[in-house]
$ cat target-v4.cif   # mmCIF, C-alpha atoms
data_coords
loop_
_atom_site.label_atom_id
_atom_site.label_comp_id
_atom_site.auth_asym_id
_atom_site.auth_seq_id
_atom_site.Cartn_x
_atom_site.Cartn_y
_atom_site.Cartn_z
CA MET A 246 0.00 0.00 0.00
CA THR A 247 1.44 3.36 -0.98
CA ASP A 248 1.85 6.36 1.31
CA ASN A 249 -0.94 8.89 1.15
CA ALA A 250 -0.32 11.92 -1.00
CA ALA A 251 -2.65 14.59 0.38
CA THR A 252 -0.82 17.66 1.67
CA SER A 253 -1.47 18.25 5.35
CA ARG A 254 -1.30 21.45 7.38
CA LEU A 255 0.01 19.45 10.36
CA PRO A 256 3.49 20.58 11.50
CA PHE A 257 4.49 16.93 12.00
CA THR A 258 3.85 13.53 10.46
CA LEU A 259 1.25 11.30 12.02
CA PRO A 260 2.12 7.60 12.29
CA ARG A 261 -0.15 5.43 10.15
CA LEU A 262 -1.21 3.36 13.16
CA GLY A 263 -2.13 4.56 16.63
CA ILE A 264 -3.68 3.28 19.84
CA GLY A 265 -7.02 4.60 21.11
CA THR A 266 -7.15 4.47 24.90
CA ALA A 267 -10.88 4.37 25.66
CA PRO A 268 -10.50 0.65 26.60
CA LEU A 269 -7.71 1.56 29.03
CA GLY A 270 -10.22 3.86 30.70
CA GLY A 271 -12.58 0.94 31.22
CA LEU A 272 -14.87 1.15 28.19
CA PHE A 273 -17.23 -1.89 28.33
CA GLU A 274 -15.11 -3.63 30.98
CA GLU A 275 -12.37 -2.80 33.46
CA VAL A 276 -8.72 -3.17 32.56
CA THR A 277 -6.25 -3.80 35.38
CA GLU A 278 -3.18 -1.64 35.85
CA GLU A 279 -1.05 -4.67 34.98
CA ASP A 280 -2.91 -5.23 31.70
CA ALA A 281 -2.76 -1.53 30.87
CA ALA A 282 1.00 -1.55 31.38
CA ALA A 283 1.36 -4.65 29.21
CA THR A 284 -0.79 -3.07 26.50
CA LEU A 285 1.31 0.07 26.28
CA LYS A 286 4.56 -1.91 26.49
CA ALA A 287 3.42 -4.07 23.59
CA ALA A 288 2.53 -0.97 21.59
CA THR A 289 5.97 0.52 22.16
CA GLU A 290 7.65 -2.76 21.20
CA ALA A 291 5.52 -2.91 18.03
CA GLY A 292 6.79 0.52 17.03
CA ILE A 293 3.46 2.29 17.61
CA THR A 294 4.10 5.90 18.53
CA TYR A 295 0.68 7.59 18.41
CA PHE A 296 -1.73 7.47 21.36
CA ASP A 297 -5.16 9.10 21.45
CA THR A 298 -6.91 9.74 24.75
CA ALA A 299 -9.50 11.99 26.42
CA PRO A 300 -10.54 13.10 29.91
CA ARG A 301 -13.84 11.26 29.48
CA TYR A 302 -12.09 7.91 29.02
CA GLY A 303 -12.54 6.47 32.49
CA HIS A 304 -12.94 9.88 34.11
CA GLY A 305 -9.26 10.68 33.58
CA LEU A 306 -7.98 7.13 34.10
CA ALA A 307 -6.77 6.63 30.51
CA GLU A 308 -4.78 9.87 30.64
CA GLN A 309 -3.33 8.95 34.03
CA ARG A 310 -2.21 5.57 32.74
CA LEU A 311 -0.55 7.12 29.69
CA GLY A 312 1.24 9.54 32.01
CA ARG A 313 2.48 6.74 34.26
CA LEU A 314 3.31 4.13 31.66
CA LEU A 315 4.52 5.89 28.50
CA PRO A 316 8.10 7.08 28.06
CA PRO A 317 8.62 10.82 28.61
CA SER A 318 8.08 13.28 25.81
CA GLY A 319 10.90 14.66 23.74
CA GLY A 320 12.25 14.75 20.23
CA THR A 321 11.67 11.01 19.86
CA GLY A 322 8.70 10.76 22.22
CA PRO A 323 5.27 9.52 21.23
CA VAL A 324 2.61 11.62 19.52
CA ILE A 325 -0.25 12.23 21.95
CA SER A 326 -3.70 13.64 21.29
CA THR A 327 -6.31 14.40 23.90
CA LYS A 328 -9.63 16.21 23.90
CA THR A 329 -11.43 19.13 25.48
CA GLY A 330 -14.88 20.62 25.94
CA TRP A 331 -15.90 18.48 28.92
CA LEU A 332 -14.81 18.98 32.52
CA LEU A 333 -14.53 16.29 35.18
CA ARG A 334 -16.15 17.11 38.48
CA PRO A 335 -15.20 14.50 41.12
CA ARG A 336 -17.22 13.90 44.26
CA PRO A 337 -15.93 15.19 47.61
CA ASP A 338 -14.48 11.74 48.38
CA GLY A 339 -12.41 11.90 45.21
CA SER A 340 -14.37 9.27 43.29
CA PRO A 341 -15.56 9.97 39.74
CA GLY A 342 -18.52 12.30 39.56
CA GLU A 343 -20.08 14.43 36.86
CA VAL A 344 -18.80 15.14 33.38
CA ILE A 345 -20.06 18.56 32.26
CA THR A 346 -19.74 20.48 29.02
CA ASP A 347 -17.76 23.70 29.14
CA TRP A 348 -16.83 25.43 25.90
CA THR A 349 -15.69 28.69 27.50
CA GLU A 350 -12.07 29.80 27.23
CA ARG A 351 -11.62 29.22 30.95
CA GLY A 352 -13.16 25.74 30.69
CA ILE A 353 -11.03 24.79 27.68
CA ARG A 354 -7.87 25.93 29.43
CA GLU A 355 -8.80 24.17 32.68
CA SER A 356 -9.48 20.97 30.77
CA LEU A 357 -6.12 21.05 29.00
CA GLU A 358 -4.19 21.93 32.14
CA SER A 359 -5.83 19.02 33.97
CA SER A 360 -5.01 16.69 31.07
CA LEU A 361 -1.38 17.81 31.05
CA THR A 362 -1.15 17.10 34.77
CA ARG A 363 -2.57 13.59 34.32
CA LEU A 364 -0.30 12.97 31.32
CA GLY A 365 2.76 14.32 33.11
CA ARG A 366 3.62 16.60 30.22
CA SER A 367 4.07 20.32 29.66
CA SER A 368 2.50 20.18 26.18
CA ILE A 369 0.85 17.75 23.78
CA ASP A 370 0.69 17.33 20.04
CA ILE A 371 -3.04 17.48 19.24
CA LEU A 372 -6.06 18.87 21.10
CA TYR A 373 -9.45 17.86 19.69
CA LEU A 374 -12.71 19.58 20.54
CA HIS A 375 -14.63 16.50 21.67
CA ASP A 376 -18.13 15.75 20.31
CA PRO A 377 -19.19 19.37 19.70
CA ASP A 378 -22.11 18.29 17.46
CA ASP A 379 -24.77 20.34 19.24
CA PHE A 380 -22.69 23.38 20.17
CA PRO A 381 -21.88 25.34 16.99
CA ASP A 382 -22.51 28.73 18.60
CA GLU A 383 -20.26 27.97 21.56
CA ILE A 384 -17.55 26.61 19.25
CA ARG A 385 -17.69 29.72 17.10
CA ARG A 386 -17.84 32.18 19.99
CA THR A 387 -15.36 30.80 22.55
CA ALA A 388 -14.04 27.25 22.07
CA TYR A 389 -12.29 27.52 18.72
CA PRO A 390 -10.65 30.88 19.56
CA ALA A 391 -9.52 29.32 22.85
CA VAL A 392 -7.75 26.34 21.27
CA ARG A 393 -6.11 28.61 18.71
CA LYS A 394 -4.75 30.69 21.57
CA LEU A 395 -3.43 27.56 23.29
CA ARG A 396 -1.71 26.57 20.06
CA ASP A 397 -0.17 30.04 19.75
CA GLU A 398 1.12 29.69 23.32
CA GLY A 399 2.85 26.41 22.44
CA LEU A 400 0.82 24.22 24.80
CA ILE A 401 -0.42 22.22 21.80
CA ARG A 402 0.99 21.78 18.32
CA ALA A 403 -2.23 21.18 16.38
CA ILE A 404 -5.97 21.67 16.86
CA GLY A 405 -8.95 19.77 15.55
CA PHE A 406 -12.32 18.18 16.14
CA GLY A 407 -13.11 14.63 17.22
CA MET A 408 -16.61 13.36 16.38
CA ASN A 409 -18.73 10.38 15.41
CA HIS A 410 -20.77 12.18 12.72
CA SER A 411 -19.20 13.23 9.44
CA GLY A 412 -21.76 15.87 8.43
CA PRO A 413 -21.29 18.23 11.38
CA LEU A 414 -17.56 17.56 11.29
CA ALA A 415 -17.41 18.62 7.64
CA SER A 416 -19.23 21.83 8.55
CA TYR A 417 -16.57 22.67 11.12
CA VAL A 418 -13.77 21.93 8.66
CA ALA A 419 -15.41 24.22 6.12
CA GLU A 420 -15.79 27.08 8.59
CA PHE A 421 -12.57 26.97 10.60
CA GLU A 422 -8.87 26.45 9.97
CA VAL A 423 -8.51 22.87 11.22
CA ASP A 424 -5.21 21.03 11.39
CA VAL A 425 -6.62 17.54 11.92
CA VAL A 426 -9.90 15.71 12.53
CA LEU A 427 -10.71 12.41 14.17
CA ILE A 428 -13.76 10.68 12.67
CA ALA A 429 -14.94 7.53 14.45
CA GLY A 430 -17.02 4.78 12.89
CA ARG A 431 -17.98 6.61 9.71
CA PHE A 432 -15.31 5.28 7.37
CA SER A 433 -15.18 1.52 7.55
CA LEU A 434 -15.92 -1.49 5.36
CA LEU A 435 -19.53 -1.25 6.58
CA ASP A 436 -19.96 2.54 6.71
CA HIS A 437 -18.78 4.95 4.01
CA GLY A 438 -20.51 8.00 5.49
CA ALA A 439 -17.38 10.17 5.58
CA LEU A 440 -16.56 9.61 1.92
CA THR A 441 -18.90 12.02 0.14
CA THR A 442 -18.39 15.21 2.12
CA LEU A 443 -15.77 15.06 4.86
CA LEU A 444 -12.83 13.34 3.18
CA PRO A 445 -12.82 15.32 -0.09
CA LEU A 446 -13.15 18.55 1.89
CA CYS A 447 -10.24 17.61 4.15
CA ALA A 448 -8.13 16.77 1.11
CA ASP A 449 -8.90 20.17 -0.39
CA MET A 450 -8.29 22.07 2.86
CA GLY A 451 -5.12 20.23 3.85
CA THR A 452 -6.76 18.91 7.01
CA ALA A 453 -5.23 15.66 8.21
CA VAL A 454 -7.66 12.83 8.95
CA VAL A 455 -7.44 10.23 11.69
CA VAL A 456 -9.96 7.40 11.46
CA GLY A 457 -11.16 5.53 14.53
CA GLY A 458 -13.79 2.87 14.99
CA VAL A 459 -12.70 0.82 11.98
CA PHE A 460 -14.20 -2.30 13.58
CA ASN A 461 -17.51 -0.49 14.22
CA THR A 462 -17.28 -1.34 17.94
CA GLY A 463 -16.02 -4.87 17.38
CA LEU A 464 -18.18 -6.34 14.63
CA LEU A 465 -15.45 -6.25 11.97
CA ALA A 466 -12.97 -7.78 14.39
CA ASP A 467 -15.20 -10.76 15.13
CA PRO A 468 -18.61 -10.95 13.37
CA SER A 469 -20.36 -13.16 15.90
CA PRO A 470 -23.97 -12.93 17.16
CA GLY A 471 -22.88 -11.30 20.41
CA ALA A 472 -20.85 -8.56 18.70
CA MET A 473 -21.53 -4.86 19.11
CA PHE A 474 -22.12 -2.55 16.16
CA ASN A 475 -21.73 1.18 16.77
CA TYR A 476 -22.11 0.66 20.54
CA ARG A 477 -25.32 -1.37 20.21
CA PRO A 478 -26.15 -5.07 19.70
CA VAL A 479 -25.64 -5.89 16.04
CA PRO A 480 -28.77 -6.16 13.82
CA ALA A 481 -29.13 -9.47 12.01
CA GLU A 482 -28.75 -7.99 8.53
CA THR A 483 -25.58 -6.10 9.51
CA LEU A 484 -24.11 -9.24 11.04
CA GLU A 485 -24.76 -11.06 7.79
CA ARG A 486 -23.01 -8.33 5.80
CA ALA A 487 -19.98 -8.54 8.07
CA ARG A 488 -19.89 -12.31 7.61
CA GLN A 489 -20.06 -11.89 3.83
CA CYS A 490 -17.11 -9.53 4.05
CA ARG A 491 -15.17 -12.04 6.16
CA ALA A 492 -15.93 -14.84 3.69
CA LEU A 493 -14.53 -12.79 0.79
CA CYS A 494 -11.37 -12.09 2.78
CA GLU A 495 -10.97 -15.76 3.63
CA VAL A 496 -10.96 -16.68 -0.06
CA TYR A 497 -7.67 -14.75 -0.33
CA GLY A 498 -6.31 -15.87 3.04
CA VAL A 499 -6.66 -12.40 4.52
CA PRO A 500 -7.97 -11.91 8.07
CA LEU A 501 -11.01 -9.63 8.19
CA PRO A 502 -9.36 -7.31 10.75
CA ALA A 503 -6.47 -6.72 8.32
CA ALA A 504 -8.84 -5.47 5.63
CA ALA A 505 -10.78 -3.40 8.17
CA ILE A 506 -7.64 -1.69 9.48
CA GLN A 507 -6.10 -1.00 6.08
CA PHE A 508 -9.29 0.06 4.29
CA PRO A 509 -9.35 3.73 5.45
CA LEU A 510 -5.77 4.24 4.29
CA LEU A 511 -6.89 3.70 0.72
CA HIS A 512 -8.10 7.31 0.80
CA ALA A 513 -5.38 9.92 0.28
CA ALA A 514 -6.81 12.24 2.97
CA VAL A 515 -6.45 9.63 5.72
CA ASN A 516 -3.17 9.91 7.60
CA SER A 517 -3.69 7.51 10.48
CA VAL A 518 -5.92 4.79 11.91
CA VAL A 519 -6.34 4.49 15.69
CA LEU A 520 -7.37 1.19 17.26
CA GLY A 521 -8.74 0.72 20.73
CA CYS A 522 -6.78 -2.02 22.53
CA ARG A 523 -7.20 -3.43 26.03
CA SER A 524 -4.46 -6.07 26.08
CA ALA A 525 -1.00 -6.82 24.79
CA ALA A 526 -2.45 -9.62 22.68
CA GLU A 527 -4.81 -7.19 20.93
CA VAL A 528 -1.95 -4.79 20.22
CA THR A 529 0.20 -7.55 18.76
CA ALA A 530 -2.64 -8.91 16.62
CA ASN A 531 -3.69 -5.48 15.34
CA ALA A 532 -0.13 -4.43 14.55
CA ALA A 533 0.34 -7.63 12.54
CA ALA A 534 -2.99 -7.11 10.77
CA SER A 535 -1.99 -3.58 9.79
CA ARG A 536 1.00 -5.05 7.92
CA PHE A 537 -0.71 -8.08 6.43
CA PRO A 538 -0.34 -8.08 2.61
CA ILE A 539 -3.67 -7.60 0.86
CA PRO A 540 -3.81 -8.43 -2.85
CA ALA A 541 -5.39 -5.98 -5.26
CA GLU A 542 -7.78 -8.73 -6.32
CA LEU A 543 -9.34 -8.78 -2.86
CA TRP A 544 -9.92 -5.04 -2.83
CA GLN A 545 -11.62 -5.42 -6.20
CA ARG A 546 -13.83 -8.24 -4.95
CA LEU A 547 -14.75 -6.18 -1.90
CA ALA A 548 -15.59 -3.25 -4.17
CA GLU A 549 -17.84 -5.42 -6.31
CA ALA A 550 -19.67 -6.48 -3.15
CA GLY A 551 -20.11 -2.89 -1.97
CA PHE A 552 -17.63 -2.94 0.91
CA VAL A 553 -15.08 -0.68 -0.80
CA PRO A 554 -16.04 2.36 -2.92
CA GLU A 555 -14.83 1.91 -6.48
CA GLN A 556 -13.36 5.41 -6.56
CA LEU A 557 -10.75 4.46 -3.97
CA LEU A 558 -9.42 1.71 -6.21
CA GLU A 559 -9.39 4.06 -9.19
CA GLU A 560 -7.33 6.57 -7.23
CA HIS A 561 -4.86 3.84 -6.23
CA GLY A 562 -4.79 2.27 -9.67
CA GLU A 563 -5.97 -1.04 -8.23
#

$ encode --input "target-v4.cif" --output "structure tokens"
Amino acid sequence: MTDNAATSRLPFTLPRLGIGTAPLGGLFEEVTEEDAAATLKAATEAGITYFDTAPRYGHGLAEQRLGRLLPPSGGTGPVISTKTGWLLRPRPDGSPGEVITDWTERGIRESLESSLTRLGRSSIDILYLHDPDDFPDEIRRTAYPAVRKLRDEGLIRAIGFGMNHSGPLASYVAEFEVDVVLIAGRFSLLDHGALTTLLPLCADMGTAVVVGGVFNTGLLADPSPGAMFNYRPVPAETLERARQCRALCEVYGVPLPAAAIQFPLLHAAVNSVVLGCRSAAEVTANAAASRFPIPAELWQRLAEAGFVPEQLLEEHGE
């Protein structure tokens, strides 16, 4: 697979594979400190150097674990992104409490400063405005100017938006100068929602794209009846589609997760794919899947079955 050609406004290069840390914050099930340490150690040993996190992942736990378990920042340190727009309000006993929205300049700054403390760093690489779907006025009035100011101060190197819906995200890219976006679940073998508006716009604007949720909450990792699809139990017809996709991959000896991970990188605007991992075994398997050779014939078969847009193969000359 060739490197992507779209010009990015990012002041640094994003690794093609990153780790999403929502599982390390306890998404769906708890992860022990020992397993979290093993997960991050396996990522480092696999050469993965991009880690995405957020205050809302385990009420700060994911950020704390990155701060404790990752090597210190520096010229060769990892790329780290976190998010803002939501403040953690613990209970008097120190246990997790409320998570509240706050798009004011003071709230944005407080959120970042708290994240830096948990991460044990004086600055980070990317700050995403987190799920601002319903707050366009607040983003326009206070939040976006605030993150630009933080970038100017050198506390962050790049600013962006992290969302699950491509339409609103495209609107923000069109209105603001955005270095990078994180789109989750909307550009996968089962969902091409980001293709028609968001990705072409990002390519035109020089906005880097990070894709998360390539397994659609697990279905494309293991299409079994108990799988989740976009955070809900999988519908029967969607499960059948995922199984059809797996069967096509098996004809060519390709694991379904390998196709799912590598699919977004067929688009020139996509710089990186982030994968949520909760164990060393998952890291090792996903890193291997990201390198698994996929023949052009399989991509063509997947396109014929509607899992891959034909235009992506045309752009790659497949």

$ resolve_selection --input "target-v4.cif" --expression "the PyMOL selection byres ((chain A and resi 545-560) around 8)" --output "short mmCIF file (atom, residue, chain, number, x, y, z; two decimals) with C-alpha atoms, in the coordinates of the input"
data_model
loop_
_atom_site.label_atom_id
_atom_site.label_comp_id
_atom_site.auth_asym_id
_atom_site.auth_seq_id
_atom_site.Cartn_x
_atom_site.Cartn_y
_atom_site.Cartn_z
CA LEU A 434 -15.92 -1.49 5.36
CA LEU A 435 -19.53 -1.25 6.58
CA HIS A 437 -18.78 4.95 4.01
CA CYS A 490 -17.11 -9.53 4.05
CA LEU A 493 -14.53 -12.79 0.79
CA PHE A 508 -9.29 0.06 4.29
CA LEU A 511 -6.89 3.70 0.72
CA HIS A 512 -8.10 7.31 0.80
CA ALA A 541 -5.39 -5.98 -5.26
CA GLU A 542 -7.78 -8.73 -6.32
CA LEU A 543 -9.34 -8.78 -2.86
CA TRP A 544 -9.92 -5.04 -2.83
CA HIS A 561 -4.86 3.84 -6.23
CA GLY A 562 -4.79 2.27 -9.67
CA GLU A 563 -5.97 -1.04 -8.23
#

$ closest_residue --input "target-v4.cif" --among "A:Lys286, A:Arg334, A:Arg261, A:Arg488" --to "Ala526 of chain A" --atoms "only C-alpha atoms"
A:Lys286

$ resolve_selection --input "target-v4.cif" --expression "the PyMOL selection byres ((chain A and resi 408) around 9)" --output "list in words"
Leu374, His375, Asp376, Pro377, Asp378, Phe406, Gly407, Asn409, His410, Ser411, Pro413, Leu414, Val426, Leu427, Ile428 and Ala429 of chain A

$ resolve_selection --input "target-v4.cif" --expression "the PyMOL selection byres ((chain A and resi 470) around 8)" --output "list in words"
Pro468, Ser469, Gly471, Ala472, Val479 and Leu484 of chain A

$ residues_near_point --input "target-v4.cif" --point "(-16.6, 18.5, 30.1)" --cutoff "6 Å" --atoms "only C-alpha atoms" --output "ChimeraX atom specification"
/A:330-333,344-347

$ atom_distance --input "target-v4.cif" --atom1 "atom CA of Ile384 of chain A" --atom2 "atom CA of Gly438 of chain A"
23.3 Å

$ closest_residue --input "target-v4.cif" --among "A:Ala291, A:Leu269, A:Leu259, A:Ala532" --to "Asp424 of chain A" --atoms "only C-alpha atoms"
A:Leu259

$ closest_residue --input "target-v4.cif" --among "A:Ile353, A:Ala466, A:Ala453, A:Ala513" --to "Thr387 of chain A" --atoms "only C-alpha atoms"
A:Ile353

$ closest_atom_pairs --input "target-v4.cif" --of "segment 415-527 of chain A" --to "segment 273-276 of chain A" --cutoff "12 Å" --atoms "all atoms listed in the file" --output "JSON lines"
{"residue": "A:Thr462", "atom": "CA", "partner": "A:Phe273", "partner_atom": "CA", "distance": 10.4}
{"residue": "A:Gly463", "atom": "CA", "partner": "A:Phe273", "partner_atom": "CA", "distance": 11.4}
{"residue": "A:Met473", "atom": "CA", "partner": "A:Phe273", "partner_atom": "CA", "distance": 10.6}
{"residue": "A:Tyr476", "atom": "CA", "partner": "A:Phe273", "partner_atom": "CA", "distance": 9.5}
{"residue": "A:Arg477", "atom": "CA", "partner": "A:Phe273", "partner_atom": "CA", "distance": 11.5}
{"residue": "A:Gly521", "atom": "CA", "partner": "A:Phe273", "partner_atom": "CA", "distance": 11.7}
{"residue": "A:Cys522", "atom": "CA", "partner": "A:Val276", "partner_atom": "CA", "distance": 10.3}
{"residue": "A:Arg523", "atom": "CA", "partner": "A:Val276", "partner_atom": "CA", "distance": 6.7}
{"residue": "A:Ser524", "atom": "CA", "partner": "A:Val276", "partner_atom": "CA", "distance": 8.3}
{"residue": "A:Ala525", "atom": "CA", "partner": "A:Val276", "partner_atom": "CA", "distance": 11.5}

$ closest_residue --input "target-v4.cif" --among "A:Pro445, A:Pro480, A:Pro268, A:Pro341" --to "Val515 of chain A" --atoms "only C-alpha atoms"
A:Pro445

$ closest_residue --input "target-v4.cif" --among "A:Arg313, A:Trp348, A:Pro337, A:Ala403" --to "Asp379 of chain A" --atoms "all atoms listed in the file"
A:Trp348

$ atom_distance --input "target-v4.cif" --atom1 "atom CA of Leu465 of chain A" --atom2 "atom CA of Leu501 of chain A"
6.7 Å

$ residues_near_point --input "target-v4.cif" --point "(-7.3, 30.8, 14.6)" --cutoff "8 Å" --atoms "all atoms listed in the file" --output "short mmCIF file (atom, residue, chain, number, x, y, z; two decimals) with C-alpha atoms, in the frame of the given file"
data_model
loop_
_atom_site.label_atom_id
_atom_site.label_comp_id
_atom_site.auth_asym_id
_atom_site.auth_seq_id
_atom_site.Cartn_x
_atom_site.Cartn_y
_atom_site.Cartn_z
CA TYR A 389 -12.29 27.52 18.72
CA PRO A 390 -10.65 30.88 19.56
CA ARG A 393 -6.11 28.61 18.71
CA LYS A 394 -4.75 30.69 21.57
CA PHE A 421 -12.57 26.97 10.60
CA GLU A 422 -8.87 26.45 9.97
#

$ residues_around --input "target-v4.cif" --residues "Glu358 of chain A" --least-positions-apart "4" --cutoff "12 Å" --atoms "all atoms listed in the file" --output "compact mmCIF listing (two decimals) with C-alpha atoms, in the coordinates of the input"
# COMPACT_ATOMS: atom_id res chain seq x y z
CA PRO A 300 -10.54 13.10 29.91
CA THR A 327 -6.31 14.40 23.90
CA LYS A 328 -9.63 16.21 23.90
CA THR A 329 -11.43 19.13 25.48
CA LEU A 332 -14.81 18.98 32.52
CA ARG A 351 -11.62 29.22 30.95
CA GLY A 352 -13.16 25.74 30.69
CA ILE A 353 -11.03 24.79 27.68
CA ARG A 354 -7.87 25.93 29.43
CA THR A 362 -1.15 17.10 34.77
CA ARG A 363 -2.57 13.59 34.32
CA LEU A 364 -0.30 12.97 31.32
CA GLY A 365 2.76 14.32 33.11
CA ARG A 366 3.62 16.60 30.22
CA SER A 367 4.07 20.32 29.66
CA SER A 368 2.50 20.18 26.18
CA ILE A 369 0.85 17.75 23.78
CA LEU A 372 -6.06 18.87 21.10
CA LEU A 395 -3.43 27.56 23.29
CA LEU A 400 0.82 24.22 24.80
CA ILE A 401 -0.42 22.22 21.80

$ atom_distance --input "target-v4.cif" --atom1 "atom CA of Phe474 of chain A" --atom2 "atom CA of Ala267 of chain A"
16.3 Å

$ closest_residue --input "target-v4.cif" --among "A:Ser359, A:Glu527, A:Ala388, A:Ser253" --to "Ala281 of chain A" --atoms "all atoms listed in the file"
A:Glu527
